[in-house]
Each structure stands twice: as structure tokens, then as C-alpha cells.
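Following: one structure in C-alpha cells, then a few remarks.
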Amino acid sequence: MSRTRSDGDRAIQRVINDSYAGPERRRAVRVNVRQLKCNLGRVLDISSRGARLLSRRKLRGWHVIRLFDRDGDVHIDVEVRWSRRLGLFKHEIGLQFLNVPSDIAAKLTTLVFKNRIYRPQTLAGPPTTHVAQ
């Protein structure tokens with residue numbers, strides 16, 4: 001199934017690109033998030049095309065998920081693309097977003113922007129502290 005990128009996809013991708021600094025082989029860059037929750041499990045990272053979750057159960061097929069934080073939420077149609085068992089009641093799940101309309105993409109962009117974790121641009125060592133004399 002071929003999917004064209006909507007304006008919503010492009011808006012999400014712009015926010016994600018602005019918060020990422022590093023090499024990436026995927027078609028859509030993933031962003032680590034904090035405090036972004038999902039009705040199916042904990043969100044590990046997210047992109048304009050999908051998300052990776054940690055769930056208590058194995059998932060298959062198509063779902064409508066609710067992504068939320070304390071300030072808002074968004075409902076998105078998703079398809080489970082892969083699932084990996086990590087232990088008893090612990091599964092890593094890869095989701096693909098399906099047909100995200102512009103208004104939903106705008107809400108998702110806001111959630112990602114507020115909850116993103118910046119990756120350091122360089123690993124040059126700890127910052128230096130200047131002591132005023």
C-alpha cells in the first residue's frame with residue numbers, strides 16, 4: 001500500500017527535524033519523548049509516520065490510539081507493523097500512523113513539540129564552569 005505525505009505529515013516532520021541532530025537512516029526521523037502517554041502503553045519515540053511503544057501485551061492489526069499529556073490529547077488510526085517480546089508482560093510495538101488529517105497532525109505536532117527530548121549535538125565532554133573572581 002503506497003501512502004502519499006499529507007500537509008499534516010510535513011508539519012510533524014518539520015518539528016521533528018528541528019529537534020534532532022544526528023545521522024538517521026529512516027525515512028522519518030524519530031524523536032524521543034517524555035511524558036507523552038498512550039492508551040496502549042508508554043511512548044518511547046515518535047515520528048511523522050509512526051511511533052514505538054512499550055506495552056504490557058502483544059498487539060496486532062489496526063487500532064485507534066489516544067496520545068496524551070496533561071494538557072491535551074489526540075486520537076490517531078494506526079496499524080501495528082511489528083512487535084517484539086522483551087519479557088513477561090513486556091512488548092515493544094512499532095506503529096504506523098494511517099491517514100492523519102491536517103487538524104489531527106497539528107495537535108500531534110503540538111504534543112511532540114512539548115514533550116520532545118533534545119539529543120546532544122556533540123559528545124565533547126561535560127560543560128566547563130567559569131568561576132567569577
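Convention: chains lettered A, B, ... in C-alpha cells order; per-chain residue numbering from 1; ligands numbered from 1 as shown.
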
Near-Gly72 of chain A list (12 Å; only C-alpha atoms; drop same-chain fewer than 5 positions) as a PDB file with C-alpha atoms, in the first residue's frame:
ATOM      1  CA  GLN A  35       5.549  12.490  29.480  1.00  0.00           C
ATOM      2  CA  LEU A  36       3.691  11.601  26.264  1.00  0.00           C
ATOM      3  CA  LYS A  37       1.349   8.745  27.095  1.00  0.00           C
ATOM      4  CA  CYS A  38      -0.744   6.339  25.053  1.00  0.00           C
ATOM      5  CA  ARG A  66      -5.056   8.089  22.159  1.00  0.00           C
ATOM      6  CA  LEU A  67      -1.808  10.032  22.635  1.00  0.00           C
ATOM      7  CA  ILE A 104      -5.030  15.988  13.936  1.00  0.00           C
ATOM      8  CA  LYS A 107      -2.472  18.599  17.565  1.00  0.00           C
ATOM      9  CA  LEU A 108       0.109  15.817  17.279  1.00  0.00           C
ATOM     10  CA  THR A 109       2.793  18.348  16.345  1.00  0.00           C
ATOM     11  CA  THR A 110       1.997  20.336  19.490  1.00  0.00           C
ATOM     12  CA  LEU A 111       2.212  17.220  21.676  1.00  0.00           C
ATOM     13  CA  VAL A 112       5.536  16.152  20.139  1.00  0.00           C
ATOM     14  CA  LYS A 114       6.086  19.989  24.072  1.00  0.00           C
ATOM     15  CA  ASN A 115       7.326  16.522  25.037  1.00  0.00           C
TER      16      ASN A 115
END

- Which residue gives the smallest distance to Gln96 of chain A among A:Arg84, A:Arg56, A:Arg42, A:Arg49, with only C-alpha atoms counted? A:Arg49

Which residues of segment 40-72 of chain A have any atom within 9 Å of an atom in segment 90-94 of chain A when counting only C-alpha atoms, and what is the closest pair of atoms for each, with the distance in Å to one decimal? Order the rows by chain and rising number and write it as a Markdown table.
| residue | atom | partner | partner_atom | distance |
| --- | --- | --- | --- | --- |
| A:Gly50 | CA | A:Gly94 | CA | 7.4 |
| A:Ala51 | CA | A:Gly94 | CA | 6.1 |
| A:Arg52 | CA | A:Gly94 | CA | 4.7 |
| A:Leu53 | CA | A:Ile93 | CA | 5.1 |
| A:Leu54 | CA | A:Glu92 | CA | 4.7 |
| A:Ser55 | CA | A:His91 | CA | 5.1 |
| A:Arg56 | CA | A:Lys90 | CA | 4.8 |
| A:Arg57 | CA | A:His91 | CA | 6.1 |
| A:Lys58 | CA | A:His91 | CA | 6.0 |
| A:Leu59 | CA | A:Ile93 | CA | 7.3 |

Convert the current residue selection to file output with N, CA and C atoms, as a compact mmCIF listing (two decimals), in the first residue's frame.
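For reference, selection_7.txt as written:
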# COMPACT_ATOMS: atom_id res chain seq x y z
N GLY A 50 4.95 7.33 12.47
CA GLY A 50 4.57 6.30 13.44
C GLY A 50 5.19 6.52 14.79
N ALA A 51 5.08 5.49 15.63
CA ALA A 51 5.58 5.57 17.00
C ALA A 51 6.04 4.19 17.45
N ARG A 52 6.87 4.19 18.49
CA ARG A 52 7.31 2.95 19.11
C ARG A 52 6.85 2.99 20.56
N LEU A 53 6.18 1.91 20.99
CA LEU A 53 5.60 1.84 22.33
C LEU A 53 6.19 0.69 23.12
N LEU A 54 6.07 0.78 24.42
CA LEU A 54 6.33 -0.32 25.33
C LEU A 54 4.97 -0.68 25.91
N SER A 55 4.53 -1.91 25.67
CA SER A 55 3.19 -2.33 26.05
C SER A 55 3.24 -3.58 26.93
N ARG A 56 2.20 -3.78 27.73
CA ARG A 56 2.11 -4.97 28.57
C ARG A 56 1.63 -6.18 27.78
N ARG A 57 1.08 -5.94 26.59
CA ARG A 57 0.57 -7.07 25.80
C ARG A 57 0.95 -6.93 24.34
N LYS A 58 0.95 -8.06 23.65
CA LYS A 58 1.25 -8.07 22.22
C LYS A 58 0.06 -7.50 21.46
N LEU A 59 0.33 -6.67 20.49
CA LEU A 59 -0.73 -6.06 19.69
C LEU A 59 -0.59 -6.50 18.24

- Item | Distance criterion (only C-alpha atoms): nearest to Phe89 of chain A out of A:Ile46, A:Gly41, A:Gly61, A:Arg70 | A:Gly41
